[in-house]
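Structure, as structure tokens:
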Amino acid sequence: MNTRLTRLASRAALALGVSVLGLAAGGAHAQEKFTYMTNWYAQAEHGGFYQAVATGIYKKYGLDVTVKMGGPQVNILQIMAAGQADCIMGSSDLQMMIARSGGLPVVTVAAMFQKDPQVLIAHEDVKSLADMKGKTILIAPAAQRGYYAWLKTKFGFTDAQTRPYTFNIQPFVADKNVVQQGYLTSEPFAIQKAGVKANTFLLADNGYPSYATTVSCMDKTVKERSKAVEAFVKGTAEGWKSYLADPAPANALIKKDNPNMTDEQLAHSVAKLKEMGIVASGDALTQGIGIMQEARVKQNYDFAVSAGLIEAAKVDLKQAFDLRFIQAAKVLP
């Protein structure tokens, strides 16, 4: 009888142990869902986000992250406002201030690029941005409410010299009097592949102060899901550090989302991100990837107000930016 009771007790204990282990395992693997939406097709410029997914960095911080791909016809601000994304990739802190001035309660918590990769590309005769003053410049409409306003202020460019940019390099290739916008890692490479000799001017290295590739969220998200936002910011900074060291895991996911992306383009882009210090330069070297400085944010804000891009009464800097998370992350390159 004692033997039988012992066996029953052992089975009960074993069953209880399995049950407890099951609960513990379930708790350990319960990840909070979080969706981040990019502003373009998947590419190396999004590498840190994909890397944090591919290598399990976000999971380490308790998040089940979906990186959702944007594109030229996708309004990521509307998608976030509709609750279909938790945070989005702002092209710049300036863009997010303009959105807030327009009535969307969006707050920026980090910027993964210390330098905005926006460039102007010109033919060989153009040696500086100042030389473009009399040229036809192809830019997208969004640039009019961004870096082109800065170019007008600093270099005397005019609206009359602009024409719409349709994300096609052929008009530039065909006309030596044309200048076009581009992204450091993209259009210059395509123009080079087309056999055209051109000069590329990174606006950031000519004084343009904007941050780029932001993590921007709704006020409500930051207030109600602060732990998740904190984890996402920390994980993203670690993702970028990892990506610049070994981009292979992220690149596999990038090509899955964007089958048109080539290994050659990815390699070129990563090399440029490193060469020009897009992620790892300036304050990021001592204060961590993704850091934003209040003084620089204020400089961008003052420019936006003076250029008429935002109304000061509609944008309170203390509400438009919440830098606690990225200041605490401190992931050095």
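Identifiers in this document derive from the order of the structure tokens: chains are assigned A, B, ..., residues are numbered from 1 separately in each chain, and ligands are numbered from 1 in order of occurrence.
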Restrict the calculation to only C-alpha atoms, then for each residue of region 29-92 of chain A with any atom at most 12 Å from an atom of region 183-189 of chain A give the closest atom pair and their distance in Å to one decimal, rows by chain and rising residue number, as a tab-separated table.
```
residue	atom	partner	partner_atom	distance
A:Trp40	CA	A:Tyr183	CA	11.6
A:Tyr41	CA	A:Ser186	CA	11.8
A:Gln43	CA	A:Ser186	CA	9.4
A:Ala44	CA	A:Thr185	CA	8.5
A:Glu45	CA	A:Thr185	CA	8.0
A:His46	CA	A:Thr185	CA	11.7
A:Ser91	CA	A:Tyr183	CA	11.1
```
Region 146-234 of chain A: residues DSSP assigns to helix (DSSP H, G or I), reported as a PyMOL selection string: chain A and resi 147-155+159-161+170-174+187-193+203-206+219-224+226-234
Which neighbours of Thr108 (chain A) fall inside 6 Å, counting only C-alpha atoms, when residues of the same chain fewer than 6 positions from it are skipped, and could you give them as a PyMOL selection string? chain A and resi 215-216+321
Take the selection from the previous step and output its residues with all heavy atoms, as a JSON list (two decimals), in the first residue's frame.
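What follows is the written file part33.json:
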```
[["chain", "number", "residue", "atom", "x", "y", "z"],
["A", 215, "VAL", "N", 12.52, 56.72, -35.20],
["A", 215, "VAL", "CA", 11.49, 55.88, -34.59],
["A", 215, "VAL", "C", 10.47, 56.86, -34.04],
["A", 215, "VAL", "O", 10.75, 57.57, -33.07],
["A", 215, "VAL", "CB", 12.06, 54.98, -33.48],
["A", 215, "VAL", "CG1", 10.95, 54.18, -32.82],
["A", 215, "VAL", "CG2", 13.13, 54.05, -34.04],
["A", 216, "SER", "N", 9.34, 56.93, -34.70],
["A", 216, "SER", "CA", 8.30, 57.89, -34.33],
["A", 216, "SER", "C", 6.99, 57.17, -34.08],
["A", 216, "SER", "O", 6.61, 56.28, -34.85],
["A", 216, "SER", "CB", 8.13, 58.94, -35.45],
["A", 216, "SER", "OG", 9.34, 59.65, -35.67],
["A", 321, "PHE", "N", 9.17, 65.39, -28.99],
["A", 321, "PHE", "CA", 10.32, 64.50, -28.82],
["A", 321, "PHE", "C", 10.35, 63.96, -27.40],
["A", 321, "PHE", "O", 10.11, 64.69, -26.45],
["A", 321, "PHE", "CB", 11.63, 65.25, -29.12],
["A", 321, "PHE", "CG", 11.76, 65.70, -30.54],
["A", 321, "PHE", "CD1", 11.24, 66.91, -30.95],
["A", 321, "PHE", "CD2", 12.37, 64.90, -31.49],
["A", 321, "PHE", "CE1", 11.33, 67.33, -32.27],
["A", 321, "PHE", "CE2", 12.48, 65.30, -32.81],
["A", 321, "PHE", "CZ", 11.94, 66.51, -33.20]]
```
Run DSSP on the backbone and grab whatever in region 76-229 of chain A lands in strand (DSSP E); send it over as a VMD selection string. chain A and resid 87 to 88 106 to 113 118 to 123 136 to 139 162 to 164 178 to 183 198 to 202 212 to 218
10 Å contact set for Lys60 (chain A), only C-alpha atoms, chain neighbours under 5 positions out, as number ranges by chain: A: 29, 31, 52, 55, 231, 235
Could you write out that same residue set with C-alpha atoms as a short mmCIF file (atom, residue, chain, number, x, y, z; two decimals), in the first residue's frame?
```cif
data_model
loop_
_atom_site.label_atom_id
_atom_site.label_comp_id
_atom_site.auth_asym_id
_atom_site.auth_seq_id
_atom_site.Cartn_x
_atom_site.Cartn_y
_atom_site.Cartn_z
CA HIS A 29 8.39 32.76 -24.77
CA GLN A 31 6.45 38.04 -26.72
CA ALA A 52 17.16 42.75 -34.80
CA THR A 55 19.09 37.57 -34.93
CA ALA A 231 12.61 47.69 -25.59
CA GLY A 235 16.82 46.45 -29.60
#
```
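Taking CA of Ala280 (chain A) and CA of Ala110 (chain A) as the two end points, the separation is 14.1 Å.
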Which of these residues is nearest to Gly308 (chain A), using only C-alpha atoms: A:Ser92, A:Gln144, A:Ser226, A:Thr38? A:Gln144
Near Phe113 (chain A), counting only C-alpha atoms, which residues have an atom at most 7 Å away, once you skip same-chain residues fewer than 6 positions from it, shown as JSON, numbers by chain? {"A": [211, 212, 213, 278, 279, 290]}
Contacts of Met80 (chain A) at 10 Å or less, counting only C-alpha atoms, minus same-chain residues fewer than 2 places along, as a PyMOL selection string? chain A and resi 35-37+75-78+82-88+106+216-218
d(CA of Met97 (chain A), CA of Ala307 (chain A)) in Å: 13.0 Å
Which neighbours of Ala237 (chain A) fall inside 8 Å, counting only C-alpha atoms, when residues of the same chain fewer than 4 positions from it are skipped, and could you give them as a list in words?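 My list of contacting residues is Gly48, Met112, Val233, Lys241, Gly288, Ile289, Gly290, Ala329 and Val331 of chain A.
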